[in-house]
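Single-structure report; data block below.
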Amino acid sequence: MTVSQIKKIKKIKAYGFANQETFSYLIVNKSSDFYFWLEGFLNQGFNAGISIGKYTETFYSGGKVVRRKRNAVKNIDKHEYYYLNKTRTRRADLFYGKRKVFIFISAPLAVRMKAMEKLENFVTFVKYKGKWKPGRALR
């Protein structure tokens, strides 16, 4: 993707992210252009070379094959994954909730840190407005 294409990608709201030992996770809001956003983030951050935004769903309805454009907003309680390299050693797992998508990325730490540096170009972080309560173990 070129710089001008990246600037055209609409930023989506992110509620949090973190790096663990073997994976990173990112919690983002669902939107109608989520797949276009995801394609830009994975290709720019991980050089994945994948084309997600153009995918369509194919299913059978009434004995006929039906194809339609994918919509992340309609996906609830689903899981899907994308390999981020040809050797299939790096992977992004997506878990769809009612309003948010949880993205887990399994890759070497150096690769994940490099990708997270580019995260500012793709998301706007939302501040937590509620009252934080420690769990029982911390009380």
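Identifiers for the structure tokens are assigned positionally: chains receive A, B, ... in sequence, residues are indexed from 1 per chain, and ligands are indexed from 1 in the order shown.
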
Please give the complete set of residues from chain A that DSSP, run on the backbone, assigns to strand (DSSP E), formatted as number ranges by chain. A: 12-19, 23-29, 56-61, 64-69, 78-83, 91-96, 100-106, 123-125

Considering only C-alpha atoms, return as a list in words whatever protein or nucleic-acid residues lie within 12 Å of Thr22 of chain A, sequence-local ones (same chain, fewer than 3 positions apart) excluded.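 Near Thr22 of chain A, the qualifying residues are Ala18, Asn19, Tyr25, Thr89, Arg90, Arg91, Phe104, Ile105, Ser106, Ala107, Pro108, Leu109, Ala110, Val111, Arg112 and Met113 of chain A.
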
Which residues are close to Glu39 of chain A, i.e. within 9 Å by only C-alpha atoms, leaving aside same-chain residues fewer than 3 positions away? Reply as number ranges by chain. A: 34-36, 42-44, 48-53

Suppose you want the space between atom CA of Asn121 of chain A and atom CA of Ile12 of chain A; what is it in Å? 10.0 Å

Name all residues at most 7 Å from Val126 of chain A (count only C-alpha atoms; drop same-chain ones fewer than 4 positions away) and give them as a PyMOL selection string. chain A and resi 13-15

Quick one: distance from atom CA of Phe17 of chain A to atom CA of Asp77 of chain A in Å, one decimal?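 Between atom CA of Phe17 of chain A and atom CA of Asp77 of chain A the gap is 20.2 Å.
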
Distance atom CA of Lys78 of chain A-atom CA of Val101 of chain A, one decimal place? 9.8 Å
